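Data block below; observations after.
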Amino acid sequence: MSDELHAADRTAEKLAGTEGGFPEQEQTPPGLTSEMNPLPDHGEETWVGRGRLKGLKALVTGGDSGIGRAVAIAFAREGADVAINYLDAEQSDAEDTATWIEKAGVKAALIPGDLSDEATARKVVDDAAEQLGGINILVNNAGAQWARREHGLEDVKTEEMDQIFKVNLYALFWVTQQALKYLAKHDSIINVSSIQAYDPSVALLDYATTKAAINNFTANLAAELGEKGIRVNAVAPGPIWTPLQPATKPGESMPKFGSDTPLGRAGQPSELAGAFVYLASPAEASYVTGTVIGVTGGKPVF
Ligand code: NAD
Ligand code: MG
């Protein structure tokens with residue numbers, strides 16, 4: 001217990017630095033952790049594993065950075081082997097995540113590949129299953145957005161839509177279809193939705209549309225896979241300090257990022273990991289499917 005309190009204290013200390021907002025900054029997509037100021041917290045110093053995913057095998061798309069990295073670290077400390085998928089440009093981030101996974105004493109598999117290509121998306125899943133010896137937990141976390149726009153609809157370009165719909169939706173279908181070759185009773189799928197599914201921003205019109213669709217996909221697939229004992233859920237993050245933000249939003253919006261939430265600040269990736277561990281745990285979430293857990297700093301998800 002005292003260890004846990006200590007961990008909570010340390011998280012609170014890190015968060016204190018985010019309350020005044022972030023310095024102005026911009027990156028080009030997909031963005032790198034090392035170029036962020038301040039660096040995000042992925043639970044490196046705080047997550048305490050209790051063996052809740054012992055012996056399981058997980059594939060986390062977009063597991064190199066941000067929310068995916070926090071999930072990969074927590075899953076590893078809970079005893080799961082973890083494969084992460086990411087883009088070639090993110091190799092340095094992926095290697096950092098792999099170091100943390102391996103330090104937890106489990107296996108890390110690095111599987112680069114662009115999920116907006118169908119053949120690659122399917123191969124990523126097969127490679128993960130081959131390298132880990134199966135898949136029990138699929139986390140569909142990779143996502144793309146673009147918000148350097150003055151308006152909504154009139155500023156949405158077809159190339160942007162193609163990229164965003166392919167990564168957020170087409171890949172969700174391809175990766176999940178392929179993973180069903182490996183998933184069995186007690187296994188689970190966790191999709192990553194967003195507060196944008198409930199409270200959409202004008203500049204994120206196409207992205208918000210995909211996140212609402214991900215909720216619908218989650219409910220529908222949970223109904224289909226219930227009889228197989230495979231659970232399907234989603235996590236809806238609010239504003240979280242990850243490379244996605246400086247890589248896709250105007251640099252001058254960073255100082256106020258997250259300040260419009262009831263808690264008055266952006267969240268850290270580390271603050272999402274608990275929701276994913278819970279949903280992935282066959283024992284703790286055994287009767288939980290077709291639902292969405294909001295981790296939004298207080299913005300409602302109902
Ligand atoms: P992130 O940039 O750390 O992670 C997104 C990842 O998506 C990247 O690391 C990249 O590996 C992956 N990706 C993008 N395009 C890809 C492609 N073509 N092929 C393969 N992988 C690709 O940012 P994050 O904020 O941790 O994002 C993770 C998820 O969380 C996304 O689905 C995002 O929409 C969602 N989300 C984030 C926030 C937030 O405020 N950060 C809020 C709500 C939802
Ligand atoms: Mg990344």
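For the structure tokens, the naming scheme is as follows: chains receive sequential letters (A, B, ...) according to their order of presentation, residues are indexed from 1 within each chain, and ligands are indexed from 1 in presentation order.
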Sorted by chain and rising residue number, list the residues of chain A at most 7 Å from ligand 1 (counting only C-alpha atoms and all ligand atoms), each with its closest atom pair and distance in Å to one decimal, as JSON lines.
{"residue": "A:Pro30", "atom": "CA", "partner": "ligand 1", "partner_atom_place_in_ligand_line": "2 (O)", "distance": 5.9}
{"residue": "A:Gly31", "atom": "CA", "partner": "ligand 1", "partner_atom_place_in_ligand_line": "2 (O)", "distance": 6.3}
{"residue": "A:Thr61", "atom": "CA", "partner": "ligand 1", "partner_atom_place_in_ligand_line": "21 (N)", "distance": 6.3}
{"residue": "A:Gly62", "atom": "CA", "partner": "ligand 1", "partner_atom_place_in_ligand_line": "11 (O)", "distance": 3.6}
{"residue": "A:Gly63", "atom": "CA", "partner": "ligand 1", "partner_atom_place_in_ligand_line": "9 (O)", "distance": 6.3}
{"residue": "A:Asp64", "atom": "CA", "partner": "ligand 1", "partner_atom_place_in_ligand_line": "9 (O)", "distance": 5.4}
{"residue": "A:Ser65", "atom": "CA", "partner": "ligand 1", "partner_atom_place_in_ligand_line": "3 (O)", "distance": 3.9}
{"residue": "A:Gly66", "atom": "CA", "partner": "ligand 1", "partner_atom_place_in_ligand_line": "3 (O)", "distance": 3.5}
{"residue": "A:Ile67", "atom": "CA", "partner": "ligand 1", "partner_atom_place_in_ligand_line": "26 (O)", "distance": 3.7}
{"residue": "A:Gly68", "atom": "CA", "partner": "ligand 1", "partner_atom_place_in_ligand_line": "26 (O)", "distance": 5.5}
{"residue": "A:Asn85", "atom": "CA", "partner": "ligand 1", "partner_atom_place_in_ligand_line": "21 (N)", "distance": 6.5}
{"residue": "A:Tyr86", "atom": "CA", "partner": "ligand 1", "partner_atom_place_in_ligand_line": "11 (O)", "distance": 3.7}
{"residue": "A:Leu87", "atom": "CA", "partner": "ligand 1", "partner_atom_place_in_ligand_line": "20 (C)", "distance": 5.2}
{"residue": "A:Glu90", "atom": "CA", "partner": "ligand 1", "partner_atom_place_in_ligand_line": "11 (O)", "distance": 6.7}
{"residue": "A:Gly113", "atom": "CA", "partner": "ligand 1", "partner_atom_place_in_ligand_line": "20 (C)", "distance": 5.9}
{"residue": "A:Asp114", "atom": "CA", "partner": "ligand 1", "partner_atom_place_in_ligand_line": "19 (N)", "distance": 3.6}
{"residue": "A:Leu115", "atom": "CA", "partner": "ligand 1", "partner_atom_place_in_ligand_line": "19 (N)", "distance": 3.8}
{"residue": "A:Ser116", "atom": "CA", "partner": "ligand 1", "partner_atom_place_in_ligand_line": "18 (N)", "distance": 4.8}
{"residue": "A:Asn141", "atom": "CA", "partner": "ligand 1", "partner_atom_place_in_ligand_line": "32 (O)", "distance": 4.6}
{"residue": "A:Ala142", "atom": "CA", "partner": "ligand 1", "partner_atom_place_in_ligand_line": "7 (O)", "distance": 3.4}
{"residue": "A:Gly143", "atom": "CA", "partner": "ligand 1", "partner_atom_place_in_ligand_line": "32 (O)", "distance": 3.6}
{"residue": "A:Ala144", "atom": "CA", "partner": "ligand 1", "partner_atom_place_in_ligand_line": "14 (C)", "distance": 5.1}
{"residue": "A:Gln145", "atom": "CA", "partner": "ligand 1", "partner_atom_place_in_ligand_line": "34 (O)", "distance": 6.9}
{"residue": "A:Val167", "atom": "CA", "partner": "ligand 1", "partner_atom_place_in_ligand_line": "18 (N)", "distance": 5.4}
{"residue": "A:Asn168", "atom": "CA", "partner": "ligand 1", "partner_atom_place_in_ligand_line": "32 (O)", "distance": 6.9}
{"residue": "A:Val192", "atom": "CA", "partner": "ligand 1", "partner_atom_place_in_ligand_line": "32 (O)", "distance": 5.2}
{"residue": "A:Ser193", "atom": "CA", "partner": "ligand 1", "partner_atom_place_in_ligand_line": "44 (C)", "distance": 5.7}
{"residue": "A:Ser194", "atom": "CA", "partner": "ligand 1", "partner_atom_place_in_ligand_line": "43 (C)", "distance": 3.9}
{"residue": "A:Ile195", "atom": "CA", "partner": "ligand 1", "partner_atom_place_in_ligand_line": "43 (C)", "distance": 5.9}
{"residue": "A:Gln196", "atom": "CA", "partner": "ligand 1", "partner_atom_place_in_ligand_line": "43 (C)", "distance": 6.9}
{"residue": "A:Ala236", "atom": "CA", "partner": "ligand 1", "partner_atom_place_in_ligand_line": "43 (C)", "distance": 6.1}
{"residue": "A:Pro237", "atom": "CA", "partner": "ligand 1", "partner_atom_place_in_ligand_line": "43 (C)", "distance": 4.2}
{"residue": "A:Gly238", "atom": "CA", "partner": "ligand 1", "partner_atom_place_in_ligand_line": "42 (C)", "distance": 4.8}
{"residue": "A:Pro239", "atom": "CA", "partner": "ligand 1", "partner_atom_place_in_ligand_line": "40 (O)", "distance": 3.5}
{"residue": "A:Ile240", "atom": "CA", "partner": "ligand 1", "partner_atom_place_in_ligand_line": "40 (O)", "distance": 3.7}
{"residue": "A:Trp241", "atom": "CA", "partner": "ligand 1", "partner_atom_place_in_ligand_line": "41 (N)", "distance": 5.6}
{"residue": "A:Thr242", "atom": "CA", "partner": "ligand 1", "partner_atom_place_in_ligand_line": "25 (O)", "distance": 4.8}
{"residue": "A:Pro243", "atom": "CA", "partner": "ligand 1", "partner_atom_place_in_ligand_line": "2 (O)", "distance": 4.5}
{"residue": "A:Leu244", "atom": "CA", "partner": "ligand 1", "partner_atom_place_in_ligand_line": "2 (O)", "distance": 3.7}
{"residue": "A:Gln245", "atom": "CA", "partner": "ligand 1", "partner_atom_place_in_ligand_line": "41 (N)", "distance": 6.2}
{"residue": "A:Pro269", "atom": "CA", "partner": "ligand 1", "partner_atom_place_in_ligand_line": "26 (O)", "distance": 6.9}
- Can you list every residue in stretch 161-274 of chain A that DSSP puts in alpha helix (DSSP H), as a VMD selection string? chain A and resid 161 to 165 171 to 179 205 to 225 244 to 248 273 to 274
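For stretch 153-226 of chain A, a DSSP pass over the backbone yields strand (DSSP E) at Ser188, Ile189, Ile190, Asn191 and Val192 of chain A.
Among A:Ala266, A:Ala247, A:Leu221, A:Val202, the residue with the shortest atom-to-atom distance to ligand 2, counting only C-alpha atoms and all ligand atoms, is A:Ala247.
Among A:Gly298, A:Gly79, A:Gly152, A:Gly290, the residue with the shortest atom-to-atom distance to A:Pro262, counting only C-alpha atoms, is A:Gly298.
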- Leaving out A:Asp117 and any residue of its chain fewer than 5 positions from it, which residues lie within 10 Å of it when counting only C-alpha atoms, given as an NGL selection string? :A and (122 or 166-167 or 170-171 or 174)
Expected file: the selected residues, N, CA, C and O atoms, as a PDB file, in the first residue's frame:
ATOM      1  N   ARG A 122      -2.600  -6.681 -42.498  1.00  0.00           N
ATOM      2  CA  ARG A 122      -2.838  -8.111 -42.201  1.00  0.00           C
ATOM      3  C   ARG A 122      -1.540  -8.818 -41.817  1.00  0.00           C
ATOM      4  O   ARG A 122      -1.514  -9.663 -40.925  1.00  0.00           O
ATOM      5  N   LYS A 166      -8.561   5.663 -43.520  1.00  0.00           N
ATOM      6  CA  LYS A 166      -7.822   4.389 -43.681  1.00  0.00           C
ATOM      7  C   LYS A 166      -7.209   3.938 -42.364  1.00  0.00           C
ATOM      8  O   LYS A 166      -7.341   2.775 -41.974  1.00  0.00           O
ATOM      9  N   VAL A 167      -6.518   4.849 -41.669  1.00  0.00           N
ATOM     10  CA  VAL A 167      -5.840   4.450 -40.420  1.00  0.00           C
ATOM     11  C   VAL A 167      -6.864   4.163 -39.321  1.00  0.00           C
ATOM     12  O   VAL A 167      -6.773   3.166 -38.607  1.00  0.00           O
ATOM     13  N   TYR A 170     -10.495   1.743 -41.811  1.00  0.00           N
ATOM     14  CA  TYR A 170     -10.171   0.582 -42.658  1.00  0.00           C
ATOM     15  C   TYR A 170      -9.226  -0.360 -41.899  1.00  0.00           C
ATOM     16  O   TYR A 170      -9.441  -1.572 -41.839  1.00  0.00           O
ATOM     17  N   ALA A 171      -8.173   0.220 -41.308  1.00  0.00           N
ATOM     18  CA  ALA A 171      -7.195  -0.615 -40.589  1.00  0.00           C
ATOM     19  C   ALA A 171      -7.850  -1.321 -39.401  1.00  0.00           C
ATOM     20  O   ALA A 171      -7.495  -2.455 -39.071  1.00  0.00           O
ATOM     21  N   TRP A 174      -9.400  -4.329 -40.993  1.00  0.00           N
ATOM     22  CA  TRP A 174      -8.394  -5.302 -41.474  1.00  0.00           C
ATOM     23  C   TRP A 174      -7.684  -5.989 -40.307  1.00  0.00           C
ATOM     24  O   TRP A 174      -7.559  -7.213 -40.284  1.00  0.00           O
TER      25      TRP A 174
END
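Between A:Gly267 and the residues A:Asp81, A:Thr296, A:Ser201, A:Ile135, the shortest atom-to-atom distance, using only C-alpha atoms, involves A:Thr296.
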- Rank A:Leu272, A:Val301, A:Ala179, A:Ala108 by their smallest atom-to-atom distance to A:Asp126, using only C-alpha atoms, and report the top residue only. A:Ala179
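With only C-alpha atoms and all ligand atoms as the atoms that count, the minimum distance from ligand 2 to the choices A:Leu132, A:Ile101, A:Val60, A:Ala89 is reached by A:Ala89.
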- Task: Find the residue from A:Phe217, A:Lys299, A:Asp41, A:Ile230 that sits nearest to A:Asp260; use only C-alpha atoms when measuring.
- Result: A:Lys299
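Rounded to one decimal, atom CA of A:Val295 and atom CA of A:Pro29 lie 24.1 Å from each other.
Note that the spacing between atom CA of A:Ala275 and atom CA of A:Gly258 amounts to 19.5 Å.
The space between atom CA of A:Gln91 and atom CA of A:Pro112 spans 7.7 Å.
Omitting A:Gly251 and its sequence neighbours fewer than 2 positions away, and counting only C-alpha atoms, the residues within 10 Å are Phe22, Pro23, Glu24, Gln25, Glu26, Gln27, Arg148, Gln245, Pro246, Ala247, Thr248, Lys249, Ser253, Met254 and Pro255 of chain A.
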